[in-house]
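**Q** To start, I am sharing the structure in question, which I have written as structure tokens.
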Amino acid sequence: MARQFTHLHVHTQFSLLDGQASVKALVDKAMADGMKGIAITDHGNMFGVKEFFDYISKKNKGTHQALKELKGELKKTESTDDVNSKGINELNQQILEEEQKLFKPIIGSEMYVAPRGLLMKEGRPDQGGYHLVVLAKNQTGYHNLIKLVSKSWVDGFYMRPRTDRAELEKYSEGLIVSSACLGGEIPRKIRENNLDGAREAIQWFQRVFEDDFYIELQRHKATVPRANHETYLIQEKVNEQLIALAREFNVKIICTNDVHFVSEEHAEAHDRLICLSTGRDLDDPERMLYSKQEWMKTREEMALLFQDIPEALDNTMEIYDKIEYYSINHAPIMPTFDIPTSFGTEEEYRKKYSHQDLYDEFTQSEKGEIIISKEEGLAKVELLGGYDKMYRLKLEADYLKELTYKGAKKLYGDSLSEELRERLDFELYVMKTMGFPGYFLIVQDFINAARYELDVSVGPGRGSAAGSAVAYCLGITRIDPIKYDLLFLYHIYW
């Protein structure tokens, strides 16, 4: 049986014009090979993170359901008067076995580190930067990685999005880093025969990241004529020094394959992608070439490639074990609209409505019909932020309905047609159950302030928003969607 191994340096198609692999294909191959997780580390960005997390969550759904049932059974067993220790031990063992089946998403980015600081932008020395693989160990690390990547684009962009040492130190909590490929600071200084500089860099990373800093080895020995054969020779020389420095400073080593495509047969397609990226012809003898070894190698292939350094394989699993399971999903974050206390307060709603009342209102149709399963209903409650958040949503939804019907009577008269009432109730239902009532309250507030208080010109309605009868009644738009038979759902979903 092949040694366990985790790919920790992986580029998806979100490494634009460089990575050729789809998120789904990478995950599917890793799971089929018996891997327990993989990282994605796209160049300077986190564009693929949501797709990556959602797809793995989908693949893990059956295991999560089994765990939920086992934990429920365990809780029930523990709460009985006649506690069955044998039964509890068996359930704990089953839970442990199920948890081992979960495939772990490891979120990261291969960042560019500006040598002189992210604000220094004075010619070629400041362009690009050293490569550094940064992985989020937990939710704190995930949030810190977001901050690093965001700031690298907003403040540090110079040919590429760049961070620097000061930022890395500021947001180091919860992060794991490795020295990356030949473009990393330590490998590059080794290539420049600047061993003192390499030592200084290692000591800095050790001080900031402690045991969460690893030295990374790669081996890309080209096996076809039209490929980069020099890379492997350079890697072997650099690897020798990296291993020596790792021993000198007691830093653990890992091996990666700098994945850019899924399987060996995709090398030629990736080669053509690089031609597009660099603007060079396929037959140009001077164009950039990869070694064509950068596919997602199996555990067996990686074990064979690094059979002389087994700890480099094992340490990828140490990192895997350090990474926590955490969710990147949360309810929509909206500003809070001030609702007059004379209309109602959250505290009053908490006393007036039970959790079951909220569950029914937010999971049933606008006519009170059951339209989703209990499991789907509970998932919806969680997506909306839980019952605590739903009290606020109901208050906002009720106030939105109040304003909408007041506006409708001004526009259509006191006697509203059945068709109009059905349309308004449907729109309000969709807005409520999607968690959007606060958004529409805020929009109507600043639109009306612009029109009637600040003398700011506001158009009659732009794009799909004109399809909403609620928006018309609130004064957000001035085009009657009932009169012109405009579609509402196009607006809410787009």
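The chains in the structure tokens are called A, B, ... from first to last as shown; in each chain the residues are counted from 1, and the ligands are counted from 1 in the order shown.
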Each residue of segment 75-143 of chain A lying at most 12 Å from segment 206-218 of chain A should get a row with its shortest atom-to-atom pair and the distance in Å to one decimal, counting only C-alpha atoms; could you produce that, ordered by chain and increasing number, as a tab-separated table?
**A**
```
residue	atom	partner	partner_atom	distance
A:His131	CA	A:Glu216	CA	11.6
A:Leu132	CA	A:Glu216	CA	10.1
A:Val133	CA	A:Glu216	CA	9.3
A:Val134	CA	A:Phe213	CA	9.6
A:Leu135	CA	A:Asp212	CA	9.7
A:Ala136	CA	A:Asp212	CA	10.7
A:Lys137	CA	A:Asp212	CA	9.2
A:Gly141	CA	A:Asp212	CA	11.8
```
**Q** For a quick check of understanding, using only C-alpha atoms, which of A:Pro187, A:Gly117, A:Gly435, A:Gly279 has the smallest distance to Asn239 of chain A?
**A**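 Looking at the shortest contact to Asn239 of chain A, the residue is A:Pro187.
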**Q** Could you give me, as a list in words, the residues within 9 Å of segment 282-286 of chain A, counting only C-alpha atoms and dropping anything in the same chain fewer than 2 positions from it?
**A**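 The filter keeps Asp271, Arg272, Cys275, Arg280, Met288 and Leu289 of chain A.
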**Q** Deliver the residues from the most recent selection as a file, using C-alpha atoms, as a compact mmCIF listing (two decimals), in the first residue's frame.
**A**
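File written: out.txt
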```
# COMPACT_ATOMS: atom_id res chain seq x y z
CA ASP A 271 2.34 23.73 -22.83
CA ARG A 272 -0.02 25.50 -25.23
CA CYS A 275 2.31 29.88 -25.15
CA ARG A 280 4.99 33.07 -27.98
CA MET A 288 9.32 29.27 -21.93
CA LEU A 289 9.11 25.54 -21.23
```
**Q** Which residue is closest to Met120 of chain A? Choose from A:Tyr158, A:Phe362, A:Lys389, A:Lys432 and count only C-alpha atoms.
**A**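 Selected residue with least distance to Met120 of chain A: A:Tyr158.
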**Q** As a PyMOL selection string, which residues of segment 121-178 of chain A does DSSP assign to strand (DSSP E)?
**A** chain A and resi 130-136+162-163+175-178
**Q** Could you turn the residues from that selection into a file that holds C-alpha atoms, as a CSV table (one decimal), in the first residue's frame?
**A**
```csv
chain,number,residue,atom,x,y,z
A,130,TYR,CA,9.8,35.8,-4.0
A,131,HIS,CA,7.3,32.9,-4.1
A,132,LEU,CA,6.0,31.6,-0.7
A,133,VAL,CA,3.4,28.9,-0.1
A,134,VAL,CA,0.9,30.1,2.6
A,135,LEU,CA,-1.7,27.7,4.0
A,136,ALA,CA,-4.5,28.4,6.4
A,162,ARG,CA,2.8,41.4,-3.5
A,163,THR,CA,3.0,41.1,0.2
A,175,LEU,CA,-0.7,30.2,9.0
A,176,ILE,CA,1.7,27.5,7.8
A,177,VAL,CA,4.3,28.5,5.2
A,178,SER,CA,6.8,26.6,3.1
```
**Q** Give me every alpha helix (DSSP H) residue in segment 426-470 of chain A, going by DSSP on the backbone, as JSON, numbers by chain.
**A** {"A": [426, 427, 428, 429, 430, 431, 432, 433, 437, 438, 439, 440, 441, 442, 443, 444, 445, 446, 447, 448, 449, 450, 451, 452, 469, 470]}
**Q** Nearest to Phe426 of chain A: which of A:Ser468, A:Ser457, A:Asn448, A:Thr12 is it, counting only C-alpha atoms?
**A**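 Closest to Phe426 of chain A of all the choices is A:Ser468.
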**Q** At a cut-off of 10 Å, using only C-alpha atoms, what residues contact Ala166 of chain A? Leave out same-chain residues fewer than 5 positions from it and give the result as an NGL selection string.
**A** :A and (117-118 or 171-172)
**Q** Grab the residues selected above and save them as a PDB file, in the first residue's frame with N, CA and C atoms.
**A**
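Final output, saved to part.pdb:
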```pdb
ATOM      1  N   GLY A 117       9.716  45.527   0.342  1.00  0.00           N
ATOM      2  CA  GLY A 117       8.494  46.053   0.937  1.00  0.00           C
ATOM      3  C   GLY A 117       7.416  46.248  -0.113  1.00  0.00           C
ATOM      4  N   LEU A 118       6.171  46.015   0.249  1.00  0.00           N
ATOM      5  CA  LEU A 118       5.107  46.036  -0.752  1.00  0.00           C
ATOM      6  C   LEU A 118       4.832  47.418  -1.317  1.00  0.00           C
ATOM      7  N   TYR A 171       0.166  39.202  10.219  1.00  0.00           N
ATOM      8  CA  TYR A 171      -0.959  38.272  10.055  1.00  0.00           C
ATOM      9  C   TYR A 171      -0.511  36.815  10.082  1.00  0.00           C
ATOM     10  N   SER A 172       0.484  36.509  10.886  1.00  0.00           N
ATOM     11  CA  SER A 172       1.075  35.164  10.892  1.00  0.00           C
ATOM     12  C   SER A 172       0.246  34.122  11.641  1.00  0.00           C
TER      13      SER A 172
END
```
**Q** Do a neighbour search on Thr6 of chain A at 9 Å with only C-alpha atoms, toss out local chain neighbours closer than 6 positions, and write the hits as a list in words.
**A**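 Final neighbour list, sorted by chain and number: Ala30, Met35, Lys36, Gly37, Ile38, Ala39, Thr256, Arg299, Leu313, Asp314, Thr316, Met317, Ile319 and Tyr320 of chain A.
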**Q** I need the chosen residues saved as a PDB file, in the first residue's frame, with N, CA and C atoms.
**A**
```
ATOM      1  N   ALA A  30      -7.539  13.067  -6.580  1.00  0.00           N
ATOM      2  CA  ALA A  30      -6.955  12.869  -5.249  1.00  0.00           C
ATOM      3  C   ALA A  30      -7.776  11.870  -4.439  1.00  0.00           C
ATOM      4  N   MET A  35      -6.027   9.735  -1.344  1.00  0.00           N
ATOM      5  CA  MET A  35      -5.494  10.839  -0.545  1.00  0.00           C
ATOM      6  C   MET A  35      -6.569  11.323   0.418  1.00  0.00           C
ATOM      7  N   LYS A  36      -6.145  11.941   1.508  1.00  0.00           N
ATOM      8  CA  LYS A  36      -7.079  12.375   2.548  1.00  0.00           C
ATOM      9  C   LYS A  36      -7.405  13.861   2.451  1.00  0.00           C
ATOM     10  N   GLY A  37      -6.750  14.544   1.526  1.00  0.00           N
ATOM     11  CA  GLY A  37      -6.997  15.964   1.330  1.00  0.00           C
ATOM     12  C   GLY A  37      -5.979  16.529   0.366  1.00  0.00           C
ATOM     13  N   ILE A  38      -6.224  17.735  -0.117  1.00  0.00           N
ATOM     14  CA  ILE A  38      -5.235  18.465  -0.916  1.00  0.00           C
ATOM     15  C   ILE A  38      -5.374  19.952  -0.599  1.00  0.00           C
ATOM     16  N   ALA A  39      -4.326  20.680  -0.946  1.00  0.00           N
ATOM     17  CA  ALA A  39      -4.368  22.140  -0.849  1.00  0.00           C
ATOM     18  C   ALA A  39      -4.557  22.719  -2.241  1.00  0.00           C
ATOM     19  N   THR A 256       6.837  18.486  -2.633  1.00  0.00           N
ATOM     20  CA  THR A 256       5.640  18.852  -3.398  1.00  0.00           C
ATOM     21  C   THR A 256       5.928  18.609  -4.875  1.00  0.00           C
ATOM     22  N   ARG A 299       0.044   9.015  -4.967  1.00  0.00           N
ATOM     23  CA  ARG A 299       0.845   8.746  -3.763  1.00  0.00           C
ATOM     24  C   ARG A 299       2.019   7.831  -4.107  1.00  0.00           C
ATOM     25  N   LEU A 313       7.805  13.068   2.711  1.00  0.00           N
ATOM     26  CA  LEU A 313       6.438  12.607   2.464  1.00  0.00           C
ATOM     27  C   LEU A 313       5.618  12.644   3.752  1.00  0.00           C
ATOM     28  N   ASP A 314       6.212  12.110   4.820  1.00  0.00           N
ATOM     29  CA  ASP A 314       5.499  12.026   6.103  1.00  0.00           C
ATOM     30  C   ASP A 314       5.138  13.406   6.649  1.00  0.00           C
ATOM     31  N   THR A 316       4.258  15.978   5.025  1.00  0.00           N
ATOM     32  CA  THR A 316       3.045  16.534   4.406  1.00  0.00           C
ATOM     33  C   THR A 316       1.815  16.099   5.192  1.00  0.00           C
ATOM     34  N   MET A 317       1.892  14.901   5.779  1.00  0.00           N
ATOM     35  CA  MET A 317       0.777  14.421   6.601  1.00  0.00           C
ATOM     36  C   MET A 317       0.761  15.115   7.960  1.00  0.00           C
ATOM     37  N   ILE A 319       1.449  18.252   8.300  1.00  0.00           N
ATOM     38  CA  ILE A 319       0.727  19.487   7.985  1.00  0.00           C
ATOM     39  C   ILE A 319      -0.760  19.197   7.832  1.00  0.00           C
ATOM     40  N   TYR A 320      -1.075  18.113   7.152  1.00  0.00           N
ATOM     41  CA  TYR A 320      -2.483  17.704   7.014  1.00  0.00           C
ATOM     42  C   TYR A 320      -3.154  17.608   8.387  1.00  0.00           C
TER      43      TYR A 320
END
```
**Q** Find the distance between atom CA of Asp155 of chain A and atom CA of Val10 of chain A and write it in Å to one decimal.
**A**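 Computing it gives 25.6 Å between the two atoms.
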**Q** Hey, what's within 9 Å of Thr345 of chain A if we count only C-alpha atoms and toss same-chain stuff fewer than 5 positions away? As a VMD selection string, please?
**A** chain A and resid 339 to 340 350 392 395
**Q** Could the residues in this selection be written to a file with N, CA and C atoms, as a CSV table (one decimal), in the first residue's frame?
**A**
```
chain,number,residue,atom,x,y,z
A,339,ILE,N,-35.1,50.4,12.5
A,339,ILE,CA,-36.6,50.3,12.4
A,339,ILE,C,-37.2,51.0,13.6
A,340,PRO,N,-38.1,51.9,13.4
A,340,PRO,CA,-38.7,52.6,14.5
A,340,PRO,C,-39.2,51.7,15.6
A,350,ARG,N,-38.8,38.2,20.0
A,350,ARG,CA,-38.4,37.0,20.7
A,350,ARG,C,-39.4,36.4,21.6
A,392,ARG,N,-34.3,39.0,13.7
A,392,ARG,CA,-34.0,40.3,13.0
A,392,ARG,C,-34.6,40.3,11.6
A,395,LEU,N,-38.3,40.8,11.7
A,395,LEU,CA,-38.7,42.2,12.0
A,395,LEU,C,-38.5,43.1,10.7
```
**Q** Do a neighbour search on His270 of chain A at 10 Å with only C-alpha atoms, toss out local chain neighbours closer than 5 positions, and write the hits as a VMD selection string.
**A** chain A and resid 17 to 21 260 to 262 265 275 to 276 290 292 294 to 295
**Q** Can you write just those residues out, N, CA and C atoms, as a compact mmCIF listing (two decimals), in the first residue's frame?
**A**
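Output below, filename again-v9.txt:
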```
# COMPACT_ATOMS: atom_id res chain seq x y z
N LEU A 17 -3.91 31.61 -16.76
CA LEU A 17 -2.98 31.37 -17.86
C LEU A 17 -1.71 30.66 -17.39
N ASP A 18 -1.80 29.92 -16.30
CA ASP A 18 -0.66 29.14 -15.81
C ASP A 18 -1.13 27.76 -15.34
N GLY A 19 -2.16 27.73 -14.50
CA GLY A 19 -2.72 26.45 -14.08
C GLY A 19 -3.74 25.97 -15.10
N GLN A 20 -3.71 24.67 -15.39
CA GLN A 20 -4.62 24.13 -16.42
C GLN A 20 -5.65 23.18 -15.83
N ALA A 21 -5.61 22.97 -14.52
CA ALA A 21 -6.43 21.95 -13.88
C ALA A 21 -7.71 22.54 -13.29
N HIS A 260 0.34 21.77 -11.79
CA HIS A 260 -0.27 22.73 -12.70
C HIS A 260 -1.31 22.08 -13.62
N PHE A 261 -1.33 20.75 -13.70
CA PHE A 261 -2.33 20.05 -14.49
C PHE A 261 -2.61 18.70 -13.84
N VAL A 262 -3.68 18.05 -14.26
CA VAL A 262 -4.17 16.89 -13.52
C VAL A 262 -3.36 15.63 -13.78
N GLU A 265 -0.87 13.16 -19.33
CA GLU A 265 -1.27 13.41 -20.72
C GLU A 265 -1.75 14.84 -20.96
N CYS A 275 2.09 29.08 -23.94
CA CYS A 275 2.31 29.88 -25.15
C CYS A 275 1.35 31.07 -25.18
N LEU A 276 0.10 30.82 -24.84
CA LEU A 276 -0.89 31.90 -24.78
C LEU A 276 -0.50 32.92 -23.72
N TYR A 290 8.03 24.31 -19.46
CA TYR A 290 7.97 23.60 -18.18
C TYR A 290 8.63 22.24 -18.36
N LYS A 292 7.19 19.53 -17.79
CA LYS A 292 6.08 18.62 -18.13
C LYS A 292 5.94 17.49 -17.11
N GLU A 294 4.73 18.45 -14.02
CA GLU A 294 3.95 19.14 -12.99
C GLU A 294 2.49 18.69 -12.94
N TRP A 295 2.26 17.38 -13.02
CA TRP A 295 0.90 16.89 -12.89
C TRP A 295 0.64 16.44 -11.45
```
**Q** Could you work out how far atom CA of Ile146 of chain A lies from atom CA of Gln13 of chain A, giving the answer in Å with one decimal?
**A** 19.3 Å
**Q** Quick one: of A:Arg462, A:Lys252, A:Lys61, A:Arg423, who's nearest to Glu318 of chain A, counting only C-alpha atoms?
**A**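 Result for the nearest residue to Glu318 of chain A: A:Lys252.
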**Q** Closest to Gly174 of chain A among A:Leu383, A:Glu98, A:Lys121, A:Lys322, using only C-alpha atoms?
**A**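 Nearest candidate to Gly174 of chain A out of A:Leu383, A:Glu98, A:Lys121, A:Lys322: A:Lys322.
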**Q** How close does each residue of segment 256-349 of chain A get to segment 55-59 of chain A, giving the shortest atom pair and distance in Å to one decimal for every residue with an atom at most 12 Å away, counting only C-alpha atoms, sorted by chain and residue number, as JSON lines?
**A**
```
{"residue": "A:Tyr325", "atom": "CA", "partner": "A:Ser57", "partner_atom": "CA", "distance": 10.8}
{"residue": "A:Tyr326", "atom": "CA", "partner": "A:Ser57", "partner_atom": "CA", "distance": 10.9}
{"residue": "A:Ser327", "atom": "CA", "partner": "A:Ser57", "partner_atom": "CA", "distance": 9.4}
{"residue": "A:Ile328", "atom": "CA", "partner": "A:Ser57", "partner_atom": "CA", "distance": 10.8}
{"residue": "A:Asn329", "atom": "CA", "partner": "A:Ser57", "partner_atom": "CA", "distance": 10.9}
```
